[in-house]
$ cat my_file_13.csv   # CSV, C-alpha atoms
chain,number,residue,atom,x,y,z
A,1,MET,CA,-1.9,-74.6,18.0
A,2,ILE,CA,1.4,-73.7,16.3
A,3,LYS,CA,-0.4,-73.0,13.1
A,4,ASN,CA,-2.9,-70.8,14.9
A,5,LEU,CA,0.0,-68.8,16.5
A,6,VAL,CA,1.7,-68.4,13.1
A,7,ARG,CA,-1.6,-67.3,11.5
A,8,GLY,CA,-2.2,-64.8,14.3
A,9,PHE,CA,1.3,-63.4,14.0
A,10,GLY,CA,0.9,-63.0,10.3
A,11,ALA,CA,-2.4,-61.2,10.7
A,12,LEU,CA,-0.8,-58.8,13.3
A,13,SER,CA,2.1,-58.1,10.9
A,14,LEU,CA,-0.3,-57.2,8.1
A,15,ALA,CA,-2.3,-54.9,10.4
A,16,LEU,CA,0.9,-53.1,11.4
A,17,VAL,CA,2.0,-52.8,7.8
A,18,SER,CA,-1.4,-51.3,6.9
A,19,LEU,CA,-0.8,-48.5,9.4
A,20,LEU,CA,2.4,-47.4,7.7
A,21,PRO,CA,2.4,-44.9,4.9
A,22,SER,CA,2.4,-46.4,1.4
A,23,ALA,CA,5.7,-46.3,-0.5
A,24,GLY,CA,4.3,-43.6,-2.8
A,25,ALA,CA,2.7,-41.5,0.0
A,26,GLN,CA,4.3,-38.2,1.0
A,27,ALA,CA,4.0,-36.7,4.4
A,28,ALA,CA,2.8,-33.1,4.5
A,29,PRO,CA,5.8,-30.8,4.7
A,30,ALA,CA,6.5,-29.3,8.1
A,31,PRO,CA,6.0,-25.5,8.3
A,32,GLU,CA,9.0,-23.2,8.5
A,33,VAL,CA,8.9,-21.4,11.9
A,34,THR,CA,11.0,-18.3,12.6
A,35,THR,CA,10.9,-14.9,14.2
A,36,LEU,CA,9.3,-12.0,12.3
A,37,ALA,CA,12.7,-10.2,12.0
A,38,ASP,CA,14.3,-13.3,10.5
A,39,ALA,CA,11.3,-13.9,8.2
A,40,VAL,CA,11.5,-10.3,6.9
A,41,GLY,CA,15.2,-10.9,6.2
A,42,LEU,CA,14.2,-13.8,3.9
A,43,VAL,CA,12.0,-11.6,1.6
A,44,THR,CA,13.8,-10.7,-1.6
A,45,VAL,CA,13.8,-6.9,-2.4
A,46,THR,CA,13.1,-5.7,-5.9
A,47,GLU,CA,11.3,-2.9,-7.6
A,48,GLU,CA,7.6,-3.5,-8.3
A,49,ASP,CA,6.0,-3.4,-11.7
A,50,ARG,CA,2.2,-3.4,-12.3
A,51,THR,CA,2.4,-3.4,-16.1
A,52,GLY,CA,-0.2,-5.6,-17.6
A,53,TYR,CA,-2.2,-6.3,-14.4
A,54,THR,CA,-5.9,-6.9,-14.4
A,55,ARG,CA,-7.9,-8.6,-11.7
A,56,SER,CA,-9.3,-11.1,-14.2
A,57,LYS,CA,-5.9,-12.7,-14.5
A,58,PHE,CA,-6.5,-14.3,-11.1
A,59,LYS,CA,-9.5,-16.6,-11.4
A,60,HIS,CA,-11.6,-16.5,-8.3
A,61,TRP,CA,-13.7,-17.7,-6.7
A,62,ASN,CA,-13.4,-21.3,-8.0
A,63,GLY,CA,-15.1,-24.4,-6.8
A,64,GLY,CA,-13.1,-24.5,-3.6
A,65,ASP,CA,-11.2,-27.3,-1.9
A,66,ASP,CA,-14.2,-29.6,-1.6
A,67,ALA,CA,-15.7,-30.2,-5.0
A,68,GLY,CA,-18.7,-32.0,-3.5
A,69,ASP,CA,-19.9,-29.4,-1.0
A,70,GLY,CA,-21.5,-27.1,-3.6
A,71,CYS,CA,-19.6,-24.1,-2.1
A,72,ASN,CA,-17.1,-21.8,-3.8
A,73,THR,CA,-13.9,-20.7,-2.2
A,74,ARG,CA,-15.5,-17.6,-0.6
A,75,ASN,CA,-18.1,-19.6,1.2
A,76,GLU,CA,-15.7,-22.3,2.2
A,77,VAL,CA,-13.6,-19.6,3.9
A,78,LEU,CA,-16.7,-18.2,5.6
A,79,LEU,CA,-17.6,-21.7,6.9
A,80,ALA,CA,-14.1,-22.3,8.2
A,81,GLU,CA,-13.8,-18.9,10.0
A,82,ALA,CA,-17.3,-18.7,11.5
A,83,VAL,CA,-17.2,-18.6,15.3
A,84,VAL,CA,-20.9,-19.6,15.2
A,85,ALA,CA,-21.6,-21.8,12.2
A,86,PRO,CA,-24.2,-20.5,9.7
A,87,THR,CA,-27.0,-22.6,8.2
A,88,VAL,CA,-26.0,-23.9,4.8
A,89,GLU,CA,-29.0,-23.9,2.4
A,90,PRO,CA,-29.3,-25.2,-1.1
A,91,GLY,CA,-26.8,-23.6,-3.5
A,92,CYS,CA,-24.5,-23.0,-0.5
A,93,LYS,CA,-26.5,-20.0,0.6
A,94,LEU,CA,-25.4,-19.1,4.2
A,95,THR,CA,-27.8,-17.8,6.7
A,96,GLY,CA,-27.1,-16.8,10.3
A,97,GLY,CA,-23.7,-17.4,11.8
A,98,THR,CA,-21.2,-15.1,13.5
A,99,TRP,CA,-17.7,-14.0,12.5
A,100,ILE,CA,-15.1,-11.8,14.1
A,101,SER,CA,-13.3,-9.4,11.7
A,102,TYR,CA,-9.9,-9.2,13.2
A,103,TYR,CA,-8.8,-6.1,11.3
A,104,ASP,CA,-11.2,-4.0,13.3
A,105,GLY,CA,-12.5,-6.4,16.0
A,106,GLN,CA,-16.0,-6.2,14.7
A,107,GLU,CA,-18.6,-9.0,15.3
A,108,VAL,CA,-20.5,-9.7,12.1
A,109,THR,CA,-23.7,-11.7,11.9
A,110,ARG,CA,-24.4,-11.5,8.2
A,111,ALA,CA,-22.2,-13.2,5.6
A,112,GLY,CA,-23.0,-10.6,3.0
A,113,SER,CA,-21.3,-7.9,5.2
A,114,LEU,CA,-18.0,-9.7,4.9
A,115,ASP,CA,-15.3,-9.7,2.2
A,116,ILE,CA,-12.7,-12.4,1.8
A,117,ASP,CA,-9.5,-10.5,1.7
A,118,HIS,CA,-6.4,-11.8,0.0
A,119,MET,CA,-3.8,-11.2,2.7
A,120,VAL,CA,-1.4,-10.0,0.0
A,121,PRO,CA,-3.7,-8.3,-2.5
A,122,LEU,CA,-3.9,-9.6,-6.1
A,123,ALA,CA,-2.4,-6.5,-7.6
A,124,GLU,CA,0.4,-6.5,-5.0
A,125,ALA,CA,1.1,-10.2,-5.8
A,126,TRP,CA,1.3,-9.3,-9.5
A,127,ASP,CA,3.8,-6.6,-8.7
A,128,SER,CA,5.8,-8.9,-6.6
A,129,GLY,CA,6.3,-11.9,-8.9
A,130,ALA,CA,2.9,-13.3,-10.0
A,131,SER,CA,3.1,-11.5,-13.3
A,132,THR,CA,5.5,-14.3,-14.4
A,133,TRP,CA,3.3,-17.2,-13.2
A,134,THR,CA,1.0,-19.4,-15.3
A,135,ALA,CA,-2.7,-18.8,-15.2
A,136,ALA,CA,-3.1,-22.0,-13.1
A,137,ARG,CA,-0.7,-20.8,-10.4
A,138,ARG,CA,-2.4,-17.5,-10.2
A,139,GLU,CA,-5.7,-19.3,-9.8
A,140,ALA,CA,-4.2,-21.4,-7.0
A,141,TYR,CA,-3.0,-18.3,-5.3
A,142,ALA,CA,-6.3,-16.5,-5.6
A,143,ASN,CA,-8.1,-19.5,-4.0
A,144,ASP,CA,-5.4,-20.6,-1.5
A,145,GLN,CA,-6.9,-22.5,1.4
A,146,GLY,CA,-3.7,-24.4,2.0
A,147,ALA,CA,-2.6,-21.8,4.5
A,148,ASP,CA,-5.0,-20.3,7.1
A,149,VAL,CA,-3.5,-16.9,6.6
A,150,SER,CA,-3.8,-16.5,2.8
A,151,LEU,CA,-7.5,-15.6,2.8
A,152,VAL,CA,-9.4,-13.9,5.7
A,153,ALA,CA,-13.0,-12.9,6.3
A,154,VAL,CA,-13.1,-9.3,7.3
A,155,THR,CA,-15.6,-6.4,7.2
A,156,ALA,CA,-16.2,-5.1,3.7
A,157,ARG,CA,-15.3,-1.6,5.0
A,158,THR,CA,-11.8,-2.5,6.1
A,159,ASN,CA,-11.1,-4.6,3.1
A,160,ARG,CA,-12.0,-1.7,0.8
A,161,GLN,CA,-9.9,0.7,2.8
A,162,LYS,CA,-7.0,-1.6,2.4
A,163,ALA,CA,-7.5,-2.1,-1.3
A,164,ASP,CA,-4.2,-3.1,-2.9
A,165,GLN,CA,-1.9,-1.3,-0.4
A,166,ASP,CA,1.0,-2.9,1.4
A,167,PRO,CA,2.0,-2.3,5.1
A,168,ALA,CA,3.9,0.9,4.2
A,169,ASP,CA,0.5,2.5,3.4
A,170,TRP,CA,-2.1,0.6,5.3
A,171,MET,CA,-2.5,-1.3,8.5
A,172,PRO,CA,-5.5,-2.7,10.3
A,173,PRO,CA,-7.3,0.0,12.4
A,174,SER,CA,-7.2,-2.2,15.5
A,175,PRO,CA,-3.8,-1.9,17.2
A,176,GLU,CA,-4.2,-5.4,18.6
A,177,ALA,CA,-4.4,-6.8,15.1
A,178,GLN,CA,-1.2,-5.2,13.7
A,179,CYS,CA,1.4,-7.7,14.8
A,180,ARG,CA,-0.7,-10.6,13.6
A,181,TYR,CA,-1.3,-8.8,10.3
A,182,VAL,CA,2.4,-8.2,9.7
A,183,GLY,CA,3.3,-11.8,10.5
A,184,GLU,CA,0.6,-13.1,8.2
A,185,TRP,CA,1.7,-10.7,5.4
A,186,VAL,CA,5.3,-11.9,5.6
A,187,ALA,CA,4.2,-15.6,5.8
A,188,THR,CA,2.2,-15.2,2.6
A,189,LYS,CA,5.0,-13.5,0.8
A,190,LEU,CA,7.4,-16.3,1.8
A,191,ARG,CA,4.8,-19.1,1.0
A,192,TRP,CA,4.5,-17.8,-2.5
A,193,GLN,CA,8.1,-16.5,-3.0
A,194,LEU,CA,6.8,-13.0,-3.6
A,195,THR,CA,9.2,-10.0,-3.3
A,196,ALA,CA,8.9,-6.6,-1.6
A,197,ASP,CA,10.0,-3.2,-2.6
A,198,ASN,CA,12.2,-1.0,-0.4
A,199,ARG,CA,9.3,1.0,1.2
A,200,GLU,CA,7.4,-2.1,2.1
A,201,LEU,CA,10.5,-3.8,3.5
A,202,GLU,CA,11.4,-0.8,5.7
A,203,ALA,CA,7.8,-0.7,7.0
A,204,LEU,CA,8.0,-4.4,7.9
A,205,LYS,CA,11.3,-3.9,9.7
A,206,VAL,CA,9.8,-1.1,11.9
A,207,TYR,CA,7.3,-3.6,13.2
A,208,ALA,CA,9.7,-6.5,13.3
A,209,GLU,CA,12.3,-4.6,15.3
A,210,GLY,CA,9.8,-2.8,17.5
A,211,PRO,CA,6.3,-3.6,18.7
A,212,CYS,CA,6.2,-7.0,17.0
A,213,GLU,CA,9.6,-8.4,17.8
A,214,ASP,CA,8.0,-11.3,19.6
A,215,THR,CA,5.8,-12.3,16.7
A,216,ILE,CA,6.4,-15.8,15.3
A,217,VAL,CA,6.0,-16.5,11.6
A,218,ARG,CA,4.9,-19.9,10.3
A,219,TYR,CA,4.7,-20.7,6.6
A,220,THR,CA,4.8,-23.7,4.2
A,221,PRO,CA,6.1,-23.0,0.7
A,222,ALA,CA,3.3,-23.4,-1.9
A,223,ALA,CA,3.8,-26.3,-4.3

$ encode --input "my_file_13.csv" --output "structure tokens"
Amino acid sequence: MIKNLVRGFGALSLALVSLLPSAGAQAAPAPEVTTLADAVGLVTVTEEDRTGYTRSKFKHWNGGDDAGDGCNTRNEVLLAEAVVAPTVEPGCKLTGGTWISYYDGQEVTRAGSLDIDHMVPLAEAWDSGASTWTAARREAYANDQGADVSLVAVTARTNRQKADQDPADWMPPSPEAQCRYVGEWVATKLRWQLTADNRELEALKVYAEGPCEDTIVRYTPAA
């Protein structure tokens, strides 16, 4: 009986150990959480420079986060953001489904009517620090699904109205979307350690110190 008790205790000990993280495993970093005003204060201010920018320097869309699903980043984002899931056909062709474009509050029922917007546009990222990155880091930025706010499915119309403008020159047409947008813009800048120019920073401060003072910003620095 004693041997059975010892054997049972040993098995329980092994089971408990198996639940613990392995020595080499690393827990996912906790996100930074702060007010919009404090987050804006963390953004470094410099002059922007678009010298040498071309969109092709940011490879997208790549094979996405799940190499086995047959979908590229664009379609993975569409699948993640659908409020009614589309049917996925061979070649990751999406049919049906419903999405809400939060920039303008529009309900969309056709994937082809949506663009995947880079929260901080590629040209703006280049101006703000990405010009010094490696090609691999720019590709990681252009396909970033590690943060929910980096890529967003919106109507093609609003994405093209926005183009490469920052919040000093463009904001979502839906007033209800603007505080969320500013918070996500700043979160993306901090996640990727991107800078802002003076006009951009002043525009962010207007929102942070006014209608969006209660907005909370969450971000995890990119690896």

$ residues_around --input "my_file_13.csv" --residues "A:Trp126" --least-positions-apart "5" --cutoff "8 Å" --atoms "only C-alpha atoms" --output "PyMOL selection string"
chain A and resi 49-50+53+131

$ atom_distance --input "my_file_13.csv" --atom1 "atom CA of A:Asp127" --atom2 "atom CA of A:Ala203"
17.2 Å

$ atom_distance --input "my_file_13.csv" --atom1 "atom CA of A:Ser56" --atom2 "atom CA of A:Asp104"
28.5 Å

$ residues_around --input "my_file_13.csv" --residues "A:Gln145" --least-positions-apart "2" --cutoff "10 Å" --atoms "all atoms listed in the file" --output "PyMOL selection string"
chain A and resi 64-65+73+76-77+80+140-143+147-152

$ residues_around --input "my_file_13.csv" --residues "A:Arg157" --least-positions-apart "4" --cutoff "9 Å" --atoms "only C-alpha atoms" --output "PyMOL selection string"
chain A and resi 113-115+161-162

$ residues_around --input "my_file_13.csv" --residues "A:Arg180" --least-positions-apart "6" --cutoff "12 Å" --atoms "only C-alpha atoms" --output "list of chain:residue names"
A:Leu36, A:Tyr102, A:Tyr103, A:Met119, A:Val149, A:Met171, A:Pro172, A:Ser174, A:Val186, A:Ala187, A:Tyr207, A:Ala208, A:Pro211, A:Cys212, A:Glu213, A:Asp214, A:Thr215, A:Ile216, A:Val217, A:Arg218

$ closest_residue --input "my_file_13.csv" --among "A:Ala82, A:Ala125, A:Lys93, A:Lys57" --to "A:Gly70" --atoms "only C-alpha atoms"
A:Lys93
